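Next comes data-v7.csv, with CSV, C-alpha atoms and all ligand atoms.
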```
chain,number,residue,atom,x,y,z
L,28,MET,CA,5.4,47.6,11.4
L,29,PRO,CA,7.5,44.5,11.6
L,30,ALA,CA,8.0,42.7,8.4
L,31,ARG,CA,5.8,39.6,8.4
L,32,ALA,CA,7.8,36.4,8.3
L,33,ARG,CA,7.1,34.7,5.0
L,34,VAL,CA,5.8,31.2,5.6
L,35,GLU,CA,6.9,29.0,2.8
L,36,ARG,CA,5.3,25.7,2.1
L,37,PRO,CA,8.0,23.0,2.4
L,38,ALA,CA,9.1,21.8,-0.9
L,39,VAL,CA,7.4,18.5,-1.6
L,40,ARG,CA,9.9,16.0,-2.8
L,41,PHE,CA,8.6,13.1,-4.7
L,42,LYS,CA,9.5,11.0,-7.7
L,43,PRO,CA,7.2,11.1,-10.6
L,44,PRO,CA,5.9,7.8,-12.0
L,45,GLY,CA,8.5,5.9,-13.8
L,46,ARG,CA,6.3,4.6,-16.6
L,47,ILE,CA,2.8,3.8,-17.8
L,48,HIS,CA,2.4,0.3,-16.4
L,49,HIS,CA,-0.7,-0.4,-18.4
L,50,VAL,CA,-3.8,1.0,-20.2
L,51,ALA,CA,-7.0,-0.9,-19.5
L,52,VAL,CA,-9.8,-1.6,-22.0
L,53,VAL,CA,-13.2,-3.0,-20.9
L,54,VAL,CA,-14.4,-5.7,-23.3
L,55,ALA,CA,-17.5,-7.8,-23.5
L,56,SER,CA,-15.4,-11.0,-24.2
L,57,LEU,CA,-11.7,-11.7,-24.0
L,58,GLU,CA,-12.1,-14.4,-26.6
L,59,ALA,CA,-13.6,-11.8,-29.0
L,60,ALA,CA,-10.9,-9.1,-28.2
L,61,LEU,CA,-7.8,-11.3,-28.3
L,62,PRO,CA,-7.8,-11.8,-32.1
L,63,LEU,CA,-7.4,-8.1,-32.6
L,64,TYR,CA,-4.9,-7.3,-29.8
L,65,ARG,CA,-2.8,-10.5,-30.0
L,66,ASP,CA,-3.1,-11.6,-33.6
L,67,LEU,CA,-3.7,-8.5,-35.7
L,68,LEU,CA,-1.8,-6.0,-33.6
L,69,GLY,CA,0.7,-8.7,-32.6
L,70,LEU,CA,1.0,-7.9,-28.8
L,71,PRO,CA,2.3,-10.9,-27.0
L,72,LEU,CA,-0.2,-12.4,-24.5
L,73,GLU,CA,1.4,-12.5,-21.1
L,74,THR,CA,-1.4,-13.7,-18.8
L,75,ILE,CA,-5.0,-14.5,-18.6
L,76,MET,CA,-6.5,-14.8,-15.2
L,77,ASP,CA,-9.8,-14.8,-13.3
L,78,ILE,CA,-9.8,-12.2,-10.5
L,79,GLU,CA,-12.7,-13.7,-8.5
L,80,SER,CA,-12.7,-11.0,-5.9
L,81,ASP,CA,-13.3,-8.3,-8.5
L,82,ARG,CA,-15.6,-10.5,-10.7
L,83,VAL,CA,-13.5,-10.0,-13.8
L,84,ARG,CA,-11.3,-11.9,-16.2
L,85,ILE,CA,-8.3,-10.1,-17.4
L,86,ALA,CA,-5.6,-10.5,-20.0
L,87,PHE,CA,-2.3,-8.6,-20.1
L,88,LEU,CA,-0.5,-8.1,-23.4
L,89,GLY,CA,3.0,-6.6,-23.6
L,90,VAL,CA,3.9,-3.5,-25.6
L,91,GLY,CA,7.3,-2.0,-25.0
L,92,GLU,CA,7.8,-1.2,-21.3
L,93,SER,CA,4.0,-1.1,-20.9
L,94,LYS,CA,1.0,-3.4,-21.2
L,95,VAL,CA,-2.5,-3.4,-22.4
L,96,GLU,CA,-5.0,-4.9,-19.9
L,97,LEU,CA,-8.2,-6.3,-21.3
L,98,VAL,CA,-11.0,-6.5,-18.6
L,99,GLN,CA,-14.1,-8.6,-19.0
L,100,PRO,CA,-16.7,-8.5,-16.3
L,101,THR,CA,-17.9,-12.0,-15.2
L,102,ASP,CA,-21.2,-10.9,-13.7
L,103,ASP,CA,-23.2,-7.7,-13.7
L,104,THR,CA,-22.7,-6.5,-10.2
L,105,THR,CA,-19.5,-4.5,-10.5
L,106,GLY,CA,-18.5,-1.1,-11.5
L,107,VAL,CA,-16.8,-2.5,-14.6
L,108,ALA,CA,-20.0,-4.3,-15.5
L,109,ARG,CA,-22.0,-1.1,-15.2
L,110,PHE,CA,-19.4,0.7,-17.3
L,111,LEU,CA,-19.8,-1.9,-20.0
L,112,ALA,CA,-23.6,-1.8,-19.8
L,113,GLY,CA,-23.7,2.0,-19.8
L,114,LYS,CA,-20.9,3.0,-22.1
L,115,GLY,CA,-20.0,-0.1,-24.1
L,116,GLU,CA,-16.5,-1.4,-24.7
L,117,GLY,CA,-13.7,1.1,-24.5
L,118,PHE,CA,-10.9,2.8,-22.6
L,119,HIS,CA,-11.3,2.3,-18.9
L,120,HIS,CA,-8.2,3.4,-16.9
L,121,VAL,CA,-4.5,4.2,-17.1
L,122,CYS,CA,-2.0,2.8,-14.6
L,123,PHE,CA,1.2,4.6,-13.5
L,124,GLU,CA,4.0,2.8,-11.7
L,125,VAL,CA,5.3,4.5,-8.5
L,126,ASP,CA,8.1,3.6,-6.1
L,127,ASP,CA,6.1,3.9,-2.8
L,128,LEU,CA,2.4,3.6,-3.2
L,129,ALA,CA,1.3,4.3,0.4
L,130,GLN,CA,3.5,7.4,0.4
L,131,GLU,CA,2.0,8.6,-2.9
L,132,LEU,CA,-1.6,8.1,-1.6
L,133,THR,CA,-0.8,10.1,1.5
L,134,ARG,CA,0.7,12.9,-0.5
L,135,LEU,CA,-2.1,13.0,-3.1
L,136,GLY,CA,-4.8,12.8,-0.4
L,137,ILE,CA,-3.2,15.8,1.4
L,138,ASP,CA,-3.3,17.7,-1.8
L,139,GLY,CA,-7.1,17.0,-2.2
L,140,VAL,CA,-7.1,14.2,-4.7
L,141,GLU,CA,-10.1,12.0,-4.1
L,142,LEU,CA,-8.9,8.4,-3.4
L,143,ILE,CA,-11.0,5.4,-4.2
L,144,ASP,CA,-8.5,3.3,-2.3
L,145,SER,CA,-6.8,5.1,0.6
L,146,ALA,CA,-4.3,2.3,1.1
L,147,PRO,CA,-2.6,-0.1,-1.2
L,148,ARG,CA,-4.5,-3.3,-1.9
L,149,ARG,CA,-3.7,-6.5,-3.7
L,150,GLY,CA,-3.9,-6.3,-7.5
L,151,ALA,CA,-3.0,-9.0,-10.1
L,152,GLU,CA,0.3,-7.4,-10.9
L,153,GLY,CA,1.2,-5.9,-7.5
L,154,PRO,CA,-0.1,-3.5,-4.9
L,155,VAL,CA,-2.6,-1.0,-6.5
L,156,ALA,CA,-4.9,1.9,-5.7
L,157,PHE,CA,-7.3,3.9,-7.7
L,158,LEU,CA,-7.9,7.7,-7.8
L,159,HIS,CA,-11.4,9.0,-8.6
L,160,PRO,CA,-12.0,10.3,-12.1
L,161,ARG,CA,-13.6,13.4,-10.5
L,162,SER,CA,-10.1,14.4,-9.4
L,163,CYS,CA,-8.4,13.3,-12.6
L,164,HIS,CA,-10.2,15.2,-15.3
L,165,GLY,CA,-12.5,12.4,-16.1
L,166,VAL,CA,-10.0,9.6,-16.2
L,167,LEU,CA,-9.9,6.7,-13.8
L,168,VAL,CA,-6.2,6.5,-12.7
L,169,GLU,CA,-4.6,3.5,-11.1
L,170,LEU,CA,-1.3,3.5,-9.3
L,171,ILE,CA,0.8,0.4,-9.0
L,172,GLU,CA,3.9,-0.1,-6.9
L,173,LYS,CA,7.1,-1.0,-8.5
L,174,PRO,CA,8.2,-4.6,-7.7
L,175,GLY,CA,10.2,-4.7,-4.4
L,176,GLY,CA,8.5,-1.6,-2.9
L,177,PRO,CA,7.3,-1.6,0.7
L,178,ALA,CA,3.7,-2.6,0.0
L,179,TRP,CA,4.8,-5.8,-1.8
L,180,LYS,CA,6.1,-7.1,1.5
L,181,SER,CA,3.2,-5.8,3.7
L,182,LEU,CA,0.6,-7.3,1.3
L,183,GLY,CA,2.4,-10.6,1.3
L,184,TYR,CA,3.6,-10.8,-2.3
L,185,GLU,CA,6.4,-13.3,-2.8
L,186,ALA,CA,8.5,-11.1,-5.0
J,201,ZN,ZN,-5.4,-1.8,-14.2
```

Since I need it in another form, could you write the structure as structure tokens?
Ligand code: ZN
Amino acid sequence: MPARARVERPAVRFKPPGRIHHVAVVVASLEAALPLYRDLLGLPLETIMDIESDRVRIAFLGVGESKVELVQPTDDTTGVARFLAGKGEGFHHVCFEVDDLAQELTRLGIDGVELIDSAPRRGAEGPVAFLHPRSCHGVLVELIEKPGGPAWKSLGYEA
């Protein structure tokens, strides 16, 4: 009996995320949360902005090579608002920075990870996509593309 040729899965080459870009916390009120994060913990406030398309107000505070994102829902129709209503304030998602977001989504999708966004979309800080907590051991995972990556250009960022 001829030896069966061994079929090897091609080695998947990819670069792991370079850093945690941010950790996000859902809050009822930015004004109520900033005295802790900015004043008591001393994290520098980088930006506050309304993301009208997502119906949230967010603040980014710097900490080393990463940030804390505070997310306040501005109406009660969104997933973030339901999170706040159901679970209260607390940890919401972690965001990893990757070099090529579209490529990562393709790779993760092929490997069976459930994608909330199958393609990069515009986020406040760059192209982003979310992975479903069902595929991530209960944690909502966001991926963001490093500045200058291919999705920055295709989504029309100026950087
Ligand atoms: Zn985020």

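Minimum atom-to-atom distances from L:Ser181, L:Thr133, L:Ser162, L:Thr105 to L:Glu79 were compared using only C-alpha atoms, and the lowest value belongs to L:Thr105.
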
Close residues to ligand ZN 201 (chain J) using all atoms listed in the file, limit 9 Å, as a PyMOL selection string:
chain L and resi 48-52+95-98+119-122+150-152+155+157+168-171

Generate a file of the selected residues that holds C-alpha atoms, formatted as an mmCIF file, in the frame of the given file.
```cif
data_model
loop_
_atom_site.group_PDB
_atom_site.id
_atom_site.type_symbol
_atom_site.label_atom_id
_atom_site.label_comp_id
_atom_site.auth_asym_id
_atom_site.auth_seq_id
_atom_site.Cartn_x
_atom_site.Cartn_y
_atom_site.Cartn_z
ATOM 1 C CA HIS L 48 2.400 0.300 -16.400
ATOM 2 C CA HIS L 49 -0.700 -0.400 -18.400
ATOM 3 C CA VAL L 50 -3.800 1.000 -20.200
ATOM 4 C CA ALA L 51 -7.000 -0.900 -19.500
ATOM 5 C CA VAL L 52 -9.800 -1.600 -22.000
ATOM 6 C CA VAL L 95 -2.500 -3.400 -22.400
ATOM 7 C CA GLU L 96 -5.000 -4.900 -19.900
ATOM 8 C CA LEU L 97 -8.200 -6.300 -21.300
ATOM 9 C CA VAL L 98 -11.000 -6.500 -18.600
ATOM 10 C CA HIS L 119 -11.300 2.300 -18.900
ATOM 11 C CA HIS L 120 -8.200 3.400 -16.900
ATOM 12 C CA VAL L 121 -4.500 4.200 -17.100
ATOM 13 C CA CYS L 122 -2.000 2.800 -14.600
ATOM 14 C CA GLY L 150 -3.900 -6.300 -7.500
ATOM 15 C CA ALA L 151 -3.000 -9.000 -10.100
ATOM 16 C CA GLU L 152 0.300 -7.400 -10.900
ATOM 17 C CA VAL L 155 -2.600 -1.000 -6.500
ATOM 18 C CA PHE L 157 -7.300 3.900 -7.700
ATOM 19 C CA VAL L 168 -6.200 6.500 -12.700
ATOM 20 C CA GLU L 169 -4.600 3.500 -11.100
ATOM 21 C CA LEU L 170 -1.300 3.500 -9.300
ATOM 22 C CA ILE L 171 0.800 0.400 -9.000
#
```

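In this model, the gap between atom CA of L:Glu185 and atom CA of L:Leu142 comes to 26.6 Å.
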
What are the closest atom pairs, with distances in Å to one decimal, for all residues of stretch 113-156 of chain L lying within 12 Å of stretch 55-73 of chain L? Consider all atoms listed in the file, order rows by chain and residue number, and present the result as a tab-separated table.
```
residue	atom	partner	partner_atom	distance
L:Lys114	CA	L:Ala55	CA	11.4
L:Gly115	CA	L:Ala55	CA	8.1
L:Glu116	CA	L:Ala55	CA	6.6
L:Gly117	CA	L:Ala55	CA	9.7
L:Glu152	CA	L:Glu73	CA	11.5
```

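Residues in contact range of L:Asp127, defined as at most 9 Å between only C-alpha atoms, with sequence neighbours fewer than 3 positions away removed, read Gln130, Glu131, Leu132, Ile171, Glu172, Lys173, Gly176, Pro177 and Ala178 of chain L.
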
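Atom to atom, atom CA of L:Phe118 and atom CA of L:Gly106 stand 14.0 Å apart.
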
Would you list the contacts of stretch 41-45 of chain L as a ChimeraX atom specification, taking every protein, DNA or RNA residue within 8 Å and counting all atoms listed in the file, but skipping same-chain residues closer than 2 positions in sequence?
/L:39,47,123-126

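Atom pair atom CA of L:Arg46 / atom CA of L:Pro174 has a distance of 12.9 Å (rounded to one decimal).
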
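Closest approach to L:Gly136 from the set L:His159, L:Arg149, L:Leu182, L:Gly175 is made by L:His159, with distances taken over all atoms listed in the file.
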
Within 9 Å of (-16.1, -9.3, -20.1), in the coordinates the file gives, what residues turn up when you count all atoms listed in the file, written out as a VMD selection string?
chain L and resid 53 to 57 83 to 85 97 to 102 107 to 108 111

Give me stretch 128-145 of chain L with N, CA and C atoms filled in, as a compact mmCIF listing (two decimals), in the frame of the given file.
```
# COMPACT_ATOMS: atom_id res chain seq x y z
N LEU L 128 3.78 3.28 -2.96
CA LEU L 128 2.40 3.60 -3.20
C LEU L 128 1.71 4.24 -1.98
N ALA L 129 1.97 3.74 -0.78
CA ALA L 129 1.30 4.30 0.40
C ALA L 129 1.72 5.78 0.56
N GLN L 130 2.98 6.05 0.31
CA GLN L 130 3.50 7.40 0.40
C GLN L 130 2.79 8.33 -0.62
N GLU L 131 2.64 7.83 -1.82
CA GLU L 131 2.00 8.60 -2.90
C GLU L 131 0.52 8.89 -2.52
N LEU L 132 -0.16 7.89 -1.96
CA LEU L 132 -1.60 8.10 -1.60
C LEU L 132 -1.70 9.14 -0.51
N THR L 133 -0.80 9.11 0.44
CA THR L 133 -0.80 10.10 1.50
C THR L 133 -0.61 11.51 0.91
N ARG L 134 0.38 11.61 0.06
CA ARG L 134 0.70 12.90 -0.50
C ARG L 134 -0.47 13.43 -1.38
N LEU L 135 -1.03 12.57 -2.22
CA LEU L 135 -2.10 13.00 -3.10
C LEU L 135 -3.38 13.32 -2.29
N GLY L 136 -3.63 12.54 -1.24
CA GLY L 136 -4.80 12.80 -0.40
C GLY L 136 -4.66 14.16 0.30
N ILE L 137 -3.48 14.48 0.79
CA ILE L 137 -3.20 15.80 1.40
C ILE L 137 -3.49 16.90 0.42
N ASP L 138 -3.14 16.66 -0.81
CA ASP L 138 -3.30 17.70 -1.80
C ASP L 138 -4.74 17.69 -2.42
N GLY L 139 -5.65 16.91 -1.83
CA GLY L 139 -7.10 17.00 -2.20
C GLY L 139 -7.52 16.10 -3.30
N VAL L 140 -6.68 15.16 -3.69
CA VAL L 140 -7.10 14.20 -4.70
C VAL L 140 -8.03 13.17 -4.06
N GLU L 141 -9.17 12.92 -4.68
CA GLU L 141 -10.10 12.00 -4.10
C GLU L 141 -9.63 10.54 -4.40
N LEU L 142 -9.42 9.79 -3.32
CA LEU L 142 -8.90 8.40 -3.40
C LEU L 142 -10.01 7.42 -3.38
N ILE L 143 -10.04 6.50 -4.30
CA ILE L 143 -11.00 5.40 -4.20
C ILE L 143 -10.44 4.38 -3.19
N ASP L 144 -9.13 4.13 -3.24
CA ASP L 144 -8.50 3.30 -2.30
C ASP L 144 -7.50 4.15 -1.46
N SER L 145 -7.72 4.22 -0.16
CA SER L 145 -6.80 5.10 0.60
C SER L 145 -5.57 4.35 1.06
```
